[in-house]
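Since the structure comes first, as structure tokens, the remarks are kept for the end.
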Amino acid sequence: MNETIELGLPIHSSVPGFKLLDHQQAQVTLEMIMGKRGALLAFIGGIWHQSSVRRIFWLQRHAYKFSMLETPVTLILRETISTLNGFHMSSPLPIPFPTLADEDGAVHHAYKMDRHPGVLLIDKHYILQEKWLMPTERVFPEVQEVLKTIQGIT
């Protein structure tokens, strides 16, 4: 018998809260990053990996569109705070969203995002509404698809 394994948390499941530090060592919780409609959580590989840098640029380019729909972006990385700080200092453009250090991978594990990059759309009730899991060769989903999904949240 073949079993299908679902990657990431199941759609419409409650998501766990978290407390992580950002690149400036400020504590950030899930509650703090939620907008009026919810939040987009982005999980990527190592911050200096070529595909990760492309994903960060994608987020930089589109974060304002998501924020205008009251659904801000947060990036959660399995990196140290000093690595995140170094990335912020070297970025040619400001990073307009929190970057959080999940050094021990506990949040990645809790969200079942250990093995793949992706974006999770969480509504204001802390329910996972959609997930886009990305293969290595793809940066992130089509921005119009994400925007349309956010607009569908009530």
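Labels used: A, B, ... for chains in the order of the structure tokens, numbers from 1 for residues in each chain, and numbers from 1 for ligands as shown.
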
- Item | Residue neighbourhood His108 (chain A), 10 Å, only C-alpha atoms, exclusion window fewer than 2 positions, as a list in words |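 So, after excluding close chain neighbours, the residues are Gly8, Phe43, Ile44, Ile76, Leu77, Arg78, Asp102, Glu103, Asp104, Gly105, Ala106, Ala110, Tyr111, Lys112, Met113, Asp114, Arg115 and His116 of chain A.
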
Within 12 Å of region 145-152 of chain A: each region 36-130 of chain A residue with its shortest pair, only C-alpha atoms, as a tab-separated table:
```
residue	atom	partner	partner_atom	distance
A:Lys36	CA	A:Ile150	CA	11.3
A:Arg37	CA	A:Ile150	CA	7.8
A:Gly38	CA	A:Ile150	CA	8.7
A:Ala39	CA	A:Ile150	CA	9.3
A:Leu40	CA	A:Ile150	CA	9.3
A:Leu59	CA	A:Val146	CA	11.8
A:His62	CA	A:Leu147	CA	9.9
A:Ala63	CA	A:Leu147	CA	10.7
A:Tyr64	CA	A:Leu147	CA	11.2
A:Lys65	CA	A:Leu147	CA	7.8
A:Phe66	CA	A:Leu147	CA	6.9
A:Ser67	CA	A:Leu147	CA	10.4
A:Met68	CA	A:Leu147	CA	10.1
A:Leu69	CA	A:Gln151	CA	7.3
A:Glu70	CA	A:Ile150	CA	9.0
A:Thr71	CA	A:Ile150	CA	7.5
A:Pro72	CA	A:Ile150	CA	10.7
A:Val73	CA	A:Val146	CA	11.8
A:Val119	CA	A:Val146	CA	9.4
A:Leu120	CA	A:Val146	CA	10.0
A:Leu121	CA	A:Ile150	CA	7.7
A:Ile122	CA	A:Ile150	CA	9.4
A:Asp123	CA	A:Ile150	CA	8.7
A:Lys124	CA	A:Ile150	CA	11.3
A:Leu128	CA	A:Ile150	CA	11.7
A:Gln129	CA	A:Thr149	CA	8.5
A:Glu130	CA	A:Thr149	CA	7.8
```

- Task: For Ser91 (chain A), list every protein, DNA or RNA residue within 12 Å, evaluated using only C-alpha atoms, and leave out those in the same chain fewer than 4 positions away; present the list as a PyMOL selection string.
- Result: chain A and resi 47-48+53+56-57+60+84-87+95-96

Same residues, N, CA and C atoms, output as a PDB file, in the first residue's frame:
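Full text of selection.pdb as output:
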```
ATOM      1  N   ILE A  47      20.343  31.336   4.383  1.00  0.00           N
ATOM      2  CA  ILE A  47      20.136  32.698   3.874  1.00  0.00           C
ATOM      3  C   ILE A  47      21.092  33.064   2.738  1.00  0.00           C
ATOM      4  N   TRP A  48      22.281  32.485   2.696  1.00  0.00           N
ATOM      5  CA  TRP A  48      23.249  32.847   1.673  1.00  0.00           C
ATOM      6  C   TRP A  48      23.181  31.941   0.446  1.00  0.00           C
ATOM      7  N   VAL A  53      18.527  33.720  -1.651  1.00  0.00           N
ATOM      8  CA  VAL A  53      18.680  35.144  -1.962  1.00  0.00           C
ATOM      9  C   VAL A  53      17.622  35.569  -2.974  1.00  0.00           C
ATOM     10  N   ILE A  56      14.384  35.957  -1.130  1.00  0.00           N
ATOM     11  CA  ILE A  56      14.350  37.189  -0.329  1.00  0.00           C
ATOM     12  C   ILE A  56      14.080  38.390  -1.228  1.00  0.00           C
ATOM     13  N   PHE A  57      14.703  38.445  -2.402  1.00  0.00           N
ATOM     14  CA  PHE A  57      14.435  39.538  -3.342  1.00  0.00           C
ATOM     15  C   PHE A  57      12.970  39.526  -3.780  1.00  0.00           C
ATOM     16  N   GLN A  60      11.085  40.991  -0.939  1.00  0.00           N
ATOM     17  CA  GLN A  60      11.314  42.439  -0.890  1.00  0.00           C
ATOM     18  C   GLN A  60      10.465  43.152  -1.939  1.00  0.00           C
ATOM     19  N   LEU A  84      21.901  36.698  10.355  1.00  0.00           N
ATOM     20  CA  LEU A  84      20.816  37.549   9.861  1.00  0.00           C
ATOM     21  C   LEU A  84      21.225  39.016   9.865  1.00  0.00           C
ATOM     22  N   ASN A  85      21.903  39.439  10.914  1.00  0.00           N
ATOM     23  CA  ASN A  85      22.363  40.821  10.995  1.00  0.00           C
ATOM     24  C   ASN A  85      23.337  41.127   9.857  1.00  0.00           C
ATOM     25  N   GLY A  86      24.258  40.217   9.596  1.00  0.00           N
ATOM     26  CA  GLY A  86      25.200  40.404   8.492  1.00  0.00           C
ATOM     27  C   GLY A  86      24.489  40.509   7.154  1.00  0.00           C
ATOM     28  N   PHE A  87      23.456  39.704   6.962  1.00  0.00           N
ATOM     29  CA  PHE A  87      22.698  39.769   5.713  1.00  0.00           C
ATOM     30  C   PHE A  87      21.999  41.117   5.587  1.00  0.00           C
ATOM     31  N   ILE A  95      15.363  45.500   3.982  1.00  0.00           N
ATOM     32  CA  ILE A  95      14.472  44.350   4.100  1.00  0.00           C
ATOM     33  C   ILE A  95      13.276  44.820   4.914  1.00  0.00           C
ATOM     34  N   PRO A  96      12.098  44.949   4.266  1.00  0.00           N
ATOM     35  CA  PRO A  96      10.948  45.606   4.903  1.00  0.00           C
ATOM     36  C   PRO A  96      10.052  44.688   5.732  1.00  0.00           C
TER      37      PRO A  96
END
```

- Quick one: residues within 12 Å of Gln24 (chain A), only C-alpha atoms counted, chain neighbours fewer than 3 positions away excluded, as a list in words? Leu20, Leu21, Gln27, Val28, Thr80, Ile81, Ser82, Thr83, Leu84, Asn85, Gly86, Phe87, His88, Met89, Pro98, Thr99, Leu100 and Ala101 of chain A

Selection export as a PDB file, in the first residue's frame, atoms kept: N, CA and C atoms:
```
ATOM      1  N   LEU A  20      10.605  34.185  18.696  1.00  0.00           N
ATOM      2  CA  LEU A  20      11.938  34.124  18.086  1.00  0.00           C
ATOM      3  C   LEU A  20      12.577  35.506  18.173  1.00  0.00           C
ATOM      4  N   LEU A  21      13.873  35.547  17.963  1.00  0.00           N
ATOM      5  CA  LEU A  21      14.591  36.816  17.935  1.00  0.00           C
ATOM      6  C   LEU A  21      14.842  37.236  16.497  1.00  0.00           C
ATOM      7  N   GLN A  27      12.724  40.308  20.564  1.00  0.00           N
ATOM      8  CA  GLN A  27      11.816  39.163  20.572  1.00  0.00           C
ATOM      9  C   GLN A  27      10.570  39.471  19.745  1.00  0.00           C
ATOM     10  N   VAL A  28      10.172  38.500  18.918  1.00  0.00           N
ATOM     11  CA  VAL A  28       8.997  38.641  18.057  1.00  0.00           C
ATOM     12  C   VAL A  28       8.126  37.405  18.248  1.00  0.00           C
ATOM     13  N   THR A  80      21.702  31.900  12.626  1.00  0.00           N
ATOM     14  CA  THR A  80      22.004  32.617  13.858  1.00  0.00           C
ATOM     15  C   THR A  80      21.618  34.087  13.694  1.00  0.00           C
ATOM     16  N   ILE A  81      21.453  34.751  14.804  1.00  0.00           N
ATOM     17  CA  ILE A  81      21.125  36.175  14.783  1.00  0.00           C
ATOM     18  C   ILE A  81      22.242  36.962  14.090  1.00  0.00           C
ATOM     19  N   SER A  82      23.483  36.614  14.368  1.00  0.00           N
ATOM     20  CA  SER A  82      24.595  37.353  13.748  1.00  0.00           C
ATOM     21  C   SER A  82      24.612  37.167  12.227  1.00  0.00           C
ATOM     22  N   THR A  83      24.229  35.991  11.742  1.00  0.00           N
ATOM     23  CA  THR A  83      24.156  35.772  10.295  1.00  0.00           C
ATOM     24  C   THR A  83      23.054  36.633   9.685  1.00  0.00           C
ATOM     25  N   LEU A  84      21.901  36.698  10.355  1.00  0.00           N
ATOM     26  CA  LEU A  84      20.816  37.549   9.861  1.00  0.00           C
ATOM     27  C   LEU A  84      21.225  39.016   9.865  1.00  0.00           C
ATOM     28  N   ASN A  85      21.903  39.439  10.914  1.00  0.00           N
ATOM     29  CA  ASN A  85      22.363  40.821  10.995  1.00  0.00           C
ATOM     30  C   ASN A  85      23.337  41.127   9.857  1.00  0.00           C
ATOM     31  N   GLY A  86      24.258  40.217   9.596  1.00  0.00           N
ATOM     32  CA  GLY A  86      25.200  40.404   8.492  1.00  0.00           C
ATOM     33  C   GLY A  86      24.489  40.509   7.154  1.00  0.00           C
ATOM     34  N   PHE A  87      23.456  39.704   6.962  1.00  0.00           N
ATOM     35  CA  PHE A  87      22.698  39.769   5.713  1.00  0.00           C
ATOM     36  C   PHE A  87      21.999  41.117   5.587  1.00  0.00           C
ATOM     37  N   HIS A  88      21.382  41.582   6.673  1.00  0.00           N
ATOM     38  CA  HIS A  88      20.719  42.889   6.650  1.00  0.00           C
ATOM     39  C   HIS A  88      21.713  43.999   6.299  1.00  0.00           C
ATOM     40  N   MET A  89      22.887  43.945   6.895  1.00  0.00           N
ATOM     41  CA  MET A  89      23.889  44.989   6.666  1.00  0.00           C
ATOM     42  C   MET A  89      24.412  44.954   5.231  1.00  0.00           C
ATOM     43  N   PRO A  98      10.173  41.439   9.060  1.00  0.00           N
ATOM     44  CA  PRO A  98      11.021  40.785  10.064  1.00  0.00           C
ATOM     45  C   PRO A  98      11.707  39.543   9.501  1.00  0.00           C
ATOM     46  N   THR A  99      12.963  39.379   9.880  1.00  0.00           N
ATOM     47  CA  THR A  99      13.689  38.136   9.615  1.00  0.00           C
ATOM     48  C   THR A  99      14.014  37.542  10.976  1.00  0.00           C
ATOM     49  N   LEU A 100      13.540  36.331  11.206  1.00  0.00           N
ATOM     50  CA  LEU A 100      13.628  35.732  12.529  1.00  0.00           C
ATOM     51  C   LEU A 100      14.558  34.531  12.525  1.00  0.00           C
ATOM     52  N   ALA A 101      15.363  34.429  13.581  1.00  0.00           N
ATOM     53  CA  ALA A 101      16.342  33.352  13.718  1.00  0.00           C
ATOM     54  C   ALA A 101      15.724  32.166  14.455  1.00  0.00           C
TER      55      ALA A 101
END
```

- Can you list, as a PyMOL selection string, all residues belonging to chain A that DSSP tags as strand (DSSP E)? chain A and resi 19-22+27-29+38-43+73-77+99-101+118-123+128-133

- Item | For CA of Pro92 (chain A) and CA of Leu75 (chain A), the interatomic separation in Å (one decimal) | 17.6 Å
